[in-house]
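Enquirer: Contents are mmCIF, C-alpha atoms; file name input.cif:
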data_work
#
loop_
_atom_site.label_atom_id
_atom_site.label_comp_id
_atom_site.auth_asym_id
_atom_site.auth_seq_id
_atom_site.Cartn_x
_atom_site.Cartn_y
_atom_site.Cartn_z
CA MET N 1 0.00 0.00 0.00
CA GLY N 2 1.66 3.27 1.10
CA GLN N 3 2.78 5.64 -1.64
CA ALA N 4 1.51 3.31 -4.32
CA GLN N 5 -2.03 4.11 -3.15
CA ARG N 6 -1.93 7.81 -4.07
CA PRO N 7 -3.96 7.48 -7.29
CA ASP N 8 -6.74 5.75 -5.31
CA ARG N 9 -6.98 8.76 -3.02
CA ARG N 10 -8.07 10.86 -5.97
CA THR N 11 -10.98 8.58 -6.77
CA VAL N 12 -12.66 9.33 -3.45
CA LEU N 13 -13.89 12.83 -4.28
CA GLY N 14 -12.34 13.45 -7.66
CA ALA N 15 -9.04 14.89 -8.86
CA ALA N 16 -10.53 18.38 -9.31
CA VAL N 17 -11.27 18.59 -5.61
CA LEU N 18 -8.11 16.93 -4.33
CA GLY N 19 -4.45 17.42 -5.08
CA ALA N 20 -2.42 20.56 -5.64
CA GLY N 21 -5.17 22.44 -7.48
CA ALA N 22 -7.83 21.98 -4.82
CA ALA N 23 -7.27 25.24 -2.98
CA ALA N 24 -7.46 27.28 -6.14
CA LEU N 25 -10.49 25.49 -7.52
CA GLY N 26 -12.47 25.57 -4.30
CA PRO N 27 -14.31 22.65 -2.73
CA ALA N 28 -17.32 22.84 -5.02
CA ALA N 29 -15.58 23.27 -8.35
CA THR N 30 -17.04 19.99 -9.56
CA ALA N 31 -19.38 17.27 -8.44
CA ALA N 32 -17.04 14.55 -7.24
CA ALA N 33 -17.54 10.92 -8.18
CA ALA N 34 -16.21 7.49 -7.34
CA ASP N 35 -17.11 4.05 -8.64
CA GLY N 36 -19.61 2.32 -6.45
CA GLY N 37 -17.82 -1.04 -6.67
CA LYS N 38 -19.24 -4.44 -7.43
CA GLY N 39 -20.24 -5.62 -3.98
CA SER N 40 -23.85 -5.62 -2.87
CA GLY N 41 -23.00 -3.13 -0.12
CA ALA N 42 -21.44 -0.71 -2.56
CA GLY N 43 -24.34 -0.54 -4.99
CA ARG N 44 -23.87 -0.22 -8.73
CA GLY N 45 -22.90 2.49 -11.16
CA ARG N 46 -21.38 5.74 -9.96
CA ALA N 47 -21.38 6.84 -6.31
CA VAL N 48 -21.52 10.62 -6.37
CA LEU N 49 -20.51 12.89 -3.51
CA PRO N 50 -20.84 16.66 -3.78
CA ALA N 51 -18.22 18.96 -2.33
CA PRO N 52 -18.52 20.09 0.34
CA ALA N 53 -20.16 16.87 1.49
CA VAL N 54 -22.33 16.73 4.61
CA ILE N 55 -21.51 13.90 7.01
CA ALA N 56 -24.27 13.13 9.51
CA HIS N 57 -22.42 13.06 12.84
CA ARG N 58 -23.54 9.87 14.61
CA GLY N 59 -26.63 10.12 12.41
CA ALA N 60 -28.99 13.07 12.80
CA SER N 61 -27.87 13.36 16.41
CA GLY N 62 -29.31 16.86 16.75
CA TYR N 63 -32.79 15.34 16.49
CA ARG N 64 -32.59 11.71 17.65
CA PRO N 65 -30.49 9.79 20.20
CA GLU N 66 -27.12 9.27 18.54
CA HIS N 67 -25.99 6.05 16.92
CA THR N 68 -29.45 4.56 16.56
CA LEU N 69 -31.09 3.29 13.40
CA GLY N 70 -33.58 6.10 13.92
CA ALA N 71 -30.81 8.72 13.82
CA TYR N 72 -29.21 7.10 10.76
CA GLN N 73 -32.52 6.81 8.90
CA LEU N 74 -33.51 10.42 9.60
CA ALA N 75 -30.12 11.66 8.40
CA LEU N 76 -30.44 9.68 5.19
CA ASP N 77 -34.01 10.87 4.65
CA MET N 78 -32.83 14.46 5.14
CA GLY N 79 -30.36 13.92 2.32
CA ALA N 80 -27.08 13.59 4.22
CA ASP N 81 -24.26 12.58 1.89
CA VAL N 82 -22.52 10.28 4.39
CA ILE N 83 -23.64 8.66 7.68
CA GLU N 84 -21.13 8.18 10.52
CA GLN N 85 -20.71 5.19 12.84
CA ASP N 86 -18.35 4.81 15.82
CA LEU N 87 -17.40 1.21 16.60
CA VAL N 88 -16.68 -0.51 19.92
CA PRO N 89 -16.69 -4.27 20.66
CA THR N 90 -18.82 -6.52 22.83
CA ARG N 91 -17.40 -9.21 25.09
CA ASP N 92 -18.16 -11.83 22.45
CA GLY N 93 -16.41 -9.89 19.71
CA HIS N 94 -19.24 -8.15 17.85
CA LEU N 95 -18.84 -4.53 16.72
CA VAL N 96 -21.58 -2.18 17.89
CA CYS N 97 -22.26 1.49 17.22
CA ARG N 98 -21.61 3.68 20.26
CA HIS N 99 -19.58 6.86 20.55
CA GLU N 100 -17.86 5.38 23.59
CA ASN N 101 -17.60 1.97 25.18
CA ASP N 102 -18.98 3.61 28.35
CA ILE N 103 -22.74 3.28 27.78
CA THR N 104 -23.87 4.86 31.04
CA GLY N 105 -25.16 8.04 29.40
CA THR N 106 -26.43 6.63 26.11
CA THR N 107 -28.53 3.65 27.27
CA ASP N 108 -30.91 2.75 30.08
CA VAL N 109 -28.41 0.27 31.56
CA ALA N 110 -28.67 1.89 35.01
CA ASP N 111 -32.35 0.90 35.08
CA HIS N 112 -31.50 -2.81 34.70
CA PRO N 113 -30.94 -4.36 38.14
CA GLU N 114 -29.61 -7.54 36.54
CA PHE N 115 -26.58 -5.54 35.37
CA ALA N 116 -25.94 -3.56 38.55
CA GLY N 117 -22.89 -5.69 39.28
CA ARG N 118 -21.32 -4.79 35.93
CA ARG N 119 -20.78 -1.17 37.01
CA THR N 120 -17.06 -0.68 37.40
CA THR N 121 -14.18 1.78 37.10
CA LYS N 122 -11.74 1.55 34.20
CA THR N 123 -8.97 3.65 32.73
CA VAL N 124 -9.53 4.24 29.02
CA ASP N 125 -6.79 6.09 27.14
CA GLY N 126 -5.50 7.54 30.38
CA THR N 127 -8.86 8.69 31.73
CA GLU N 128 -10.55 7.00 34.70
CA ILE N 129 -14.24 6.33 34.07
CA THR N 130 -16.90 4.71 36.25
CA GLY N 131 -19.85 3.15 34.49
CA TRP N 132 -20.94 0.25 32.30
CA PHE N 133 -18.83 -0.79 29.30
CA THR N 134 -19.68 -2.64 26.09
CA GLU N 135 -16.76 -5.04 26.46
CA ASP N 136 -18.42 -6.46 29.59
CA PHE N 137 -21.63 -7.39 27.75
CA THR N 138 -22.45 -9.92 25.06
CA LEU N 139 -24.34 -8.66 22.05
CA ALA N 140 -27.47 -10.46 23.26
CA GLU N 141 -27.22 -8.68 26.61
CA LEU N 142 -26.69 -5.28 24.98
CA LYS N 143 -29.80 -5.89 22.89
CA THR N 144 -31.89 -5.88 26.08
CA LEU N 145 -30.96 -2.22 26.60
CA ARG N 146 -32.53 0.81 24.94
CA ALA N 147 -30.75 3.91 23.63
CA THR N 148 -31.21 7.30 25.31
CA GLU N 149 -30.27 10.91 24.56
CA ARG N 150 -26.68 11.69 25.60
CA ILE N 151 -27.14 15.44 26.34
CA PRO N 152 -30.76 15.79 27.50
CA GLY N 153 -30.13 19.18 29.09
CA THR N 154 -29.14 20.67 25.74
CA ARG N 155 -31.54 18.63 23.60
CA PRO N 156 -34.60 17.88 25.75
CA ASP N 157 -36.79 17.29 22.70
CA ASN N 158 -34.67 14.26 21.82
CA THR N 159 -35.66 12.54 25.05
CA LEU N 160 -39.06 11.89 23.46
CA TYR N 161 -37.29 9.06 21.64
CA ASP N 162 -35.57 7.54 24.68
CA GLY N 163 -36.17 3.80 24.69
CA ARG N 164 -37.36 3.61 21.10
CA TRP N 165 -34.28 1.95 19.60
CA THR N 166 -31.70 -0.62 20.63
CA VAL N 167 -27.93 -0.39 20.26
CA PRO N 168 -27.25 -1.40 16.64
CA SER N 169 -24.49 -3.75 15.65
CA PHE N 170 -22.37 -2.60 12.75
CA GLU N 171 -23.55 -5.58 10.73
CA GLU N 172 -27.14 -4.37 11.22
CA VAL N 173 -26.08 -1.00 9.85
CA LEU N 174 -24.42 -2.61 6.85
CA ARG N 175 -27.60 -4.56 6.11
CA TRP N 176 -29.64 -1.37 6.55
CA ALA N 177 -27.34 0.45 4.12
CA GLU N 178 -27.77 -2.37 1.60
CA ARG N 179 -31.56 -2.17 1.82
CA GLU N 180 -31.62 1.60 1.54
CA GLY N 181 -29.14 1.52 -1.31
CA ARG N 182 -31.34 -0.86 -3.29
CA ARG N 183 -34.45 1.17 -2.51
CA ARG N 184 -32.86 4.46 -3.56
CA GLY N 185 -30.89 3.12 -6.51
CA ARG N 186 -27.60 4.51 -5.19
CA PRO N 187 -25.10 3.47 -2.53
CA VAL N 188 -25.34 4.72 1.04
CA TRP N 189 -22.02 6.24 2.08
CA LEU N 190 -20.69 5.42 5.56
CA HIS N 191 -17.93 7.02 7.68
CA VAL N 192 -16.71 4.41 10.17
CA GLU N 193 -14.49 5.12 13.19
CA THR N 194 -12.42 2.67 15.20
CA LYS N 195 -12.72 3.86 18.82
CA HIS N 196 -9.85 3.34 21.30
CA PRO N 197 -8.19 0.69 19.10
CA SER N 198 -5.05 0.32 21.26
CA TYR N 199 -7.14 -0.15 24.39
CA PHE N 200 -9.26 -2.86 22.81
CA ARG N 201 -6.30 -4.60 21.20
CA ALA N 202 -4.76 -4.97 24.66
CA LEU N 203 -7.98 -6.70 25.78
CA GLY N 204 -7.81 -9.18 22.90
CA LEU N 205 -10.70 -7.41 21.15
CA GLY N 206 -8.84 -5.82 18.25
CA LEU N 207 -11.15 -3.77 16.04
CA GLU N 208 -9.37 -3.67 12.72
CA GLU N 209 -9.47 -7.35 11.77
CA ARG N 210 -13.13 -7.62 12.79
CA LEU N 211 -13.97 -4.50 10.80
CA ALA N 212 -12.06 -5.70 7.74
CA LYS N 213 -13.92 -9.01 7.78
CA LEU N 214 -17.28 -7.22 7.73
CA LEU N 215 -16.16 -4.80 5.02
CA ARG N 216 -15.11 -7.71 2.82
CA ARG N 217 -18.37 -9.55 3.49
CA TYR N 218 -20.43 -6.54 2.38
CA GLY N 219 -18.25 -5.45 -0.54
CA ARG N 220 -16.92 -2.30 1.11
CA ASP N 221 -13.25 -3.27 1.11
CA ARG N 222 -12.25 -1.63 -2.18
CA ALA N 223 -10.55 1.67 -2.96
CA ASN N 224 -13.74 2.85 -4.66
CA SER N 225 -16.14 1.67 -1.95
CA PRO N 226 -18.70 4.23 -0.68
CA THR N 227 -17.08 4.13 2.74
CA PHE N 228 -14.52 6.09 4.71
CA LEU N 229 -12.62 4.61 7.65
CA GLN N 230 -11.36 6.91 10.38
CA SER N 231 -9.50 6.90 13.69
CA PHE N 232 -7.79 9.23 16.15
CA GLU N 233 -4.98 6.67 16.25
CA PRO N 234 -2.94 6.89 13.03
CA THR N 235 -1.57 3.38 13.47
CA SER N 236 -5.12 2.02 13.35
CA MET N 237 -5.45 3.43 9.83
CA GLU N 238 -2.00 2.08 8.97
CA ARG N 239 -3.21 -1.34 10.09
CA MET N 240 -6.42 -1.00 8.06
CA SER N 241 -4.36 -0.09 4.98
CA ARG N 242 -2.84 -3.56 5.13
CA LEU N 243 -6.24 -5.26 5.45
CA VAL N 244 -8.52 -3.43 3.00
CA ARG N 245 -8.30 -0.73 0.33
CA THR N 246 -11.23 1.28 1.71
CA PRO N 247 -10.35 5.02 1.91
CA ARG N 248 -8.90 6.06 5.28
CA VAL N 249 -8.99 9.30 7.29
CA VAL N 250 -6.82 10.26 10.27
CA LEU N 251 -8.75 12.25 12.88
CA LEU N 252 -6.92 15.10 14.62
CA TRP N 253 -7.73 16.69 17.97
CA THR N 254 -6.19 19.90 19.35
CA ALA N 255 -2.68 20.95 18.34
CA ASP N 256 -1.18 20.21 21.75
CA SER N 257 -2.66 16.71 22.01
CA ARG N 258 -0.93 13.42 21.23
CA PRO N 259 -2.68 10.42 19.66
CA TRP N 260 -3.04 7.69 22.27
CA ASP N 261 -1.11 5.17 20.21
CA PHE N 262 1.79 7.66 20.16
CA GLU N 263 1.53 7.91 23.95
CA GLN N 264 1.72 4.13 24.19
CA THR N 265 4.73 3.73 21.91
CA GLY N 266 6.66 6.81 23.02
CA ASP N 267 6.27 8.65 19.73
CA PRO N 268 6.86 12.29 20.78
CA ARG N 269 4.86 13.87 17.95
CA THR N 270 1.78 15.92 18.73
CA VAL N 271 -1.06 16.91 16.43
CA ALA N 272 0.87 20.16 15.82
CA ASP N 273 3.57 18.01 14.24
CA LEU N 274 1.08 16.04 12.16
CA VAL N 275 -0.45 19.15 10.56
CA THR N 276 2.91 20.39 9.27
CA PRO N 277 3.75 19.65 5.63
CA GLU N 278 6.06 16.88 6.83
CA GLY N 279 3.40 15.36 9.07
CA LEU N 280 0.80 15.50 6.33
CA GLU N 281 3.22 13.85 3.93
CA TRP N 282 3.65 11.01 6.42
CA ILE N 283 -0.14 10.61 6.77
CA SER N 284 -0.51 10.55 2.98
CA GLY N 285 1.54 7.37 2.91
CA PHE N 286 -1.33 5.31 4.34
CA ALA N 287 -4.44 7.53 4.37
CA GLN N 288 -6.49 9.52 1.89
CA GLY N 289 -7.68 12.28 4.20
CA ILE N 290 -7.67 13.98 7.58
CA GLY N 291 -10.51 14.85 9.93
CA PRO N 292 -9.30 17.85 11.95
CA VAL N 293 -11.22 19.56 14.72
CA LEU N 294 -12.62 22.76 13.21
CA ASP N 295 -10.28 24.93 15.29
CA LEU N 296 -7.34 23.54 13.31
CA VAL N 297 -8.95 24.98 10.16
CA ILE N 298 -9.98 28.34 11.66
CA PRO N 299 -8.72 28.98 15.20
CA ARG N 300 -10.87 30.85 17.70
CA ARG N 301 -9.56 34.01 19.32
CA ALA N 302 -9.44 34.49 23.07
CA ASP N 303 -12.95 35.97 22.95
CA GLY N 304 -14.30 32.87 21.18
CA ARG N 305 -14.69 34.56 17.80
CA LEU N 306 -13.22 33.10 14.63
CA GLY N 307 -9.71 34.17 13.73
CA GLU N 308 -7.87 33.80 10.43
CA PRO N 309 -7.80 30.43 8.63
CA THR N 310 -4.63 28.38 8.90
CA THR N 311 -2.84 26.90 5.89
CA LEU N 312 -4.05 23.39 6.76
CA VAL N 313 -6.52 23.07 3.87
CA ARG N 314 -3.95 24.21 1.33
CA ASP N 315 -1.19 22.06 2.81
CA ALA N 316 -3.35 18.93 2.99
CA HIS N 317 -4.70 19.34 -0.53
CA ALA N 318 -1.15 19.80 -1.82
CA ARG N 319 -0.44 16.30 -0.54
CA GLY N 320 -3.57 14.77 -2.04
CA LEU N 321 -5.47 14.61 1.26
CA LEU N 322 -9.13 15.52 1.59
CA LEU N 323 -10.42 17.29 4.72
CA HIS N 324 -13.51 16.29 6.71
CA PRO N 325 -13.41 18.52 9.82
CA TYR N 326 -15.71 18.15 12.82
CA THR N 327 -18.21 19.08 14.31
CA MET N 328 -20.87 21.64 13.36
CA ARG N 329 -23.77 21.99 15.78
CA ASN N 330 -26.53 24.59 15.63
CA GLU N 331 -26.66 25.48 19.32
CA ASN N 332 -25.00 28.67 20.55
CA ARG N 333 -22.85 26.81 23.07
CA PHE N 334 -21.04 25.01 20.26
CA LEU N 335 -20.72 27.88 17.77
CA PRO N 336 -17.97 30.52 17.57
CA ALA N 337 -18.97 33.59 19.61
CA ASP N 338 -19.48 35.80 16.54
CA PHE N 339 -22.30 33.50 15.44
CA HIS N 340 -24.22 33.42 18.72
CA ARG N 341 -27.80 34.67 18.67
CA GLY N 342 -29.34 35.71 21.99
CA THR N 343 -28.16 34.57 25.41
CA ASP N 344 -29.65 31.07 25.66
CA PRO N 345 -26.73 28.66 25.17
CA ASP N 346 -29.07 25.93 23.90
CA ALA N 347 -30.90 28.12 21.37
CA TYR N 348 -29.85 27.99 17.74
CA GLY N 349 -27.30 30.56 16.62
CA ASP N 350 -26.28 31.64 13.13
CA ALA N 351 -25.22 28.18 12.00
CA PHE N 352 -25.53 29.20 8.35
CA GLY N 353 -22.99 31.97 8.82
CA ALA N 354 -20.56 29.66 10.59
CA LEU N 355 -20.92 26.98 7.92
CA ARG N 356 -20.26 29.54 5.21
CA ALA N 357 -17.04 30.59 6.94
CA TYR N 358 -15.82 27.00 7.11
CA PHE N 359 -16.86 26.17 3.53
CA GLU N 360 -14.94 29.19 2.24
CA THR N 361 -11.68 27.62 3.44
CA GLY N 362 -12.01 24.88 0.80
CA ILE N 363 -12.82 21.89 3.03
CA ASP N 364 -14.18 18.81 1.27
CA GLY N 365 -16.89 17.97 3.79
CA ILE N 366 -18.05 18.59 7.34
CA PHE N 367 -19.51 16.56 10.19
CA ALA N 368 -22.81 18.02 11.41
CA ASP N 369 -25.29 17.08 14.13
CA GLN N 370 -28.09 18.80 12.19
CA PRO N 371 -27.42 17.62 8.63
CA ASP N 372 -30.43 19.43 7.16
CA THR N 373 -28.92 22.78 8.15
CA ALA N 374 -25.53 21.87 6.72
CA LEU N 375 -27.11 20.61 3.50
CA LEU N 376 -28.92 23.91 2.95
CA ALA N 377 -25.73 25.84 3.68
CA ALA N 378 -23.75 23.67 1.26
CA GLU N 379 -26.40 24.13 -1.43
CA ASP N 380 -26.29 27.92 -0.95
CA PHE N 381 -22.50 27.89 -1.08
CA ARG N 382 -22.31 25.85 -4.29
CA ARG N 383 -24.97 28.00 -5.94
CA ASP N 384 -23.19 31.25 -5.03
CA LEU N 385 -19.84 29.81 -6.12
CA GLY N 386 -21.34 28.91 -9.47
CA ARG N 387 -22.58 32.47 -9.94
CA GLY N 388 -19.06 33.73 -9.34
#
Would you encode the structure as structure tokens?
Expert:
Amino acid sequence: MGQAQRPDRRTVLGAAVLGAGAAALGPAATAAAADGGKGSGAGRGRAVLPAPAVIAHRGASGYRPEHTLGAYQLALDMGADVIEQDLVPTRDGHLVCRHENDITGTTDVADHPEFAGRRTTKTVDGTEITGWFTEDFTLAELKTLRATERIPGTRPDNTLYDGRWTVPSFEEVLRWAEREGRRRGRPVWLHVETKHPSYFRALGLGLEERLAKLLRRYGRDRANSPTFLQSFEPTSMERMSRLVRTPRVVLLWTADSRPWDFEQTGDPRTVADLVTPEGLEWISGFAQGIGPVLDLVIPRRADGRLGEPTTLVRDAHARGLLLHPYTMRNENRFLPADFHRGTDPDAYGDAFGALRAYFETGIDGIFADQPDTALLAAEDFRRDLGRG
């Protein structure tokens, strides 16, 4: 794999969007296309992604409890270009969709007296957490739980749906994507994250091999598959590059942070090192994109307002890497201060203005909790760019 994979990177969103000319052309210079592949999971014909693409963050998590089939379905019905899943394992080795292996705040596990004894304290990636964890449950046991809203104080309306859906396995999601792809006549794009891969590998529950097996089974293991793989641990994507050809994205947290796999192996590099031209060149040897936190694209000033864009978009595009930054949310508390509206932190601010600012940097896509808002903003941006 490695450097020999560079041409495949360009098939993900199209050569006009990626590569050295991307910054000059802008993210919406063309509609980007990739072959759908021959597997049943990939669909047939051409799998088209616009630029900027809208990635439904954990599904339509602004409206439904995250990582439920209800959140995924609503996001797809809204028109989201890509649907995200985070993967953690069960005790018996199944992959399930949860943002974290700690399910205390996203299920009704605390209401199940039969599992009271499973509550424990663990250290995950250096952080001590007390709660219930997926790796202590079989899939059958997890299926007796119901999903709940993670941030009910901010999104009280979402609590209406507490208890409506179970925790989905990733194989359920793949089957759902197959059904929806057949019904719609086009593939359903997925964005799949390996969560805490070093932690789980140490427990004998390695994620990558299990994920690769499912990708191969459902025809999503090819360079032109309608799927992105992602991880905050670069070595997880290196490992995936040896197992499947599915496009890979390295997620990046704040500049002063270190990926946990680097912490474990003594690699001194921080994210600040990875976003230099040299760091991006290294990433391009095994991945096709990066997923930076939005502050790496446009930093916030001390007063919380947006500052000047960095050179990250230009530098990444120059090395053939696409950018899928995260995460846009409509609520004031999550927006830059210059896009707040009113004083209620949970009221919607000027999300359209913030999205416009990020799109103007040339990013190739964005993760959004409210995909309908991001889709409208992307449509406006492409229309206005075309007029120019």
Enquirer: Measuring between all atoms listed in the file, which one of N:Asp157, N:Glu308, N:Leu95, N:Ser241 shows the shortest distance to Asp346 in chain N?
Expert: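 Closest to Asp346 in chain N, using all atoms listed in the file: N:Asp157.
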Enquirer: If we draw a sphere of 8 Å around (-20.3, 5.0, 14.7), which residues have at least one atom in it when counting only C-alpha atoms? Please report them as a list in words.
Expert: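 Collected hits near the coordinates: Arg58, His67, Glu84, Gln85, Asp86, Leu87, Val96, Cys97, Arg98, His99, His191, Val192 and Glu193 of chain N.
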Enquirer: Can you translate the PyMOL selection byres ((chain N and resi 321-325) around 6) into the concrete residues it hits in this file, as a short mmCIF file (atom, residue, chain, number, x, y, z; two decimals) with C-alpha atoms, keeping the file's coordinate frame?
Expert:
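What landed in selection_17.cif:
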data_model
loop_
_atom_site.label_atom_id
_atom_site.label_comp_id
_atom_site.auth_asym_id
_atom_site.auth_seq_id
_atom_site.Cartn_x
_atom_site.Cartn_y
_atom_site.Cartn_z
CA GLN N 288 -6.49 9.52 1.89
CA GLY N 289 -7.68 12.28 4.20
CA ILE N 290 -7.67 13.98 7.58
CA GLY N 291 -10.51 14.85 9.93
CA PRO N 292 -9.30 17.85 11.95
CA VAL N 293 -11.22 19.56 14.72
CA LEU N 294 -12.62 22.76 13.21
CA ALA N 316 -3.35 18.93 2.99
CA HIS N 317 -4.70 19.34 -0.53
CA ARG N 319 -0.44 16.30 -0.54
CA GLY N 320 -3.57 14.77 -2.04
CA TYR N 326 -15.71 18.15 12.82
CA ILE N 363 -12.82 21.89 3.03
CA ASP N 364 -14.18 18.81 1.27
CA GLY N 365 -16.89 17.97 3.79
CA ILE N 366 -18.05 18.59 7.34
#
Enquirer: Kindly indicate which residue among N:Arg222, N:Arg183, N:Arg91, N:Arg146 lies nearest to Leu205 in chain N, using all atoms listed in the file for the distances.
Expert: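 Nearest to Leu205 in chain N: N:Arg91.
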Enquirer: Which residues would end up in the selection if the PyMOL selection byres ((chain N and resi 138) around 6) were applied here, given that I need the answer as a list in words?
Expert: Thr90, Arg91, Asp92, Phe137, Leu139, Ala140 and Glu141 of chain N
Enquirer: Which residues, written as a list in words, have at least one atom at most 12 Å from Gly204 in chain N, with all atoms listed in the file counted and residues fewer than 3 positions away on the same chain left out?
Expert: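 These residues fall inside the cut-off: Pro89, Thr90, Arg91, Asp92, Gly93, Glu135, Pro197, Ser198, Tyr199, Phe200, Arg201, Leu207, Glu208, Glu209 and Arg210 of chain N.
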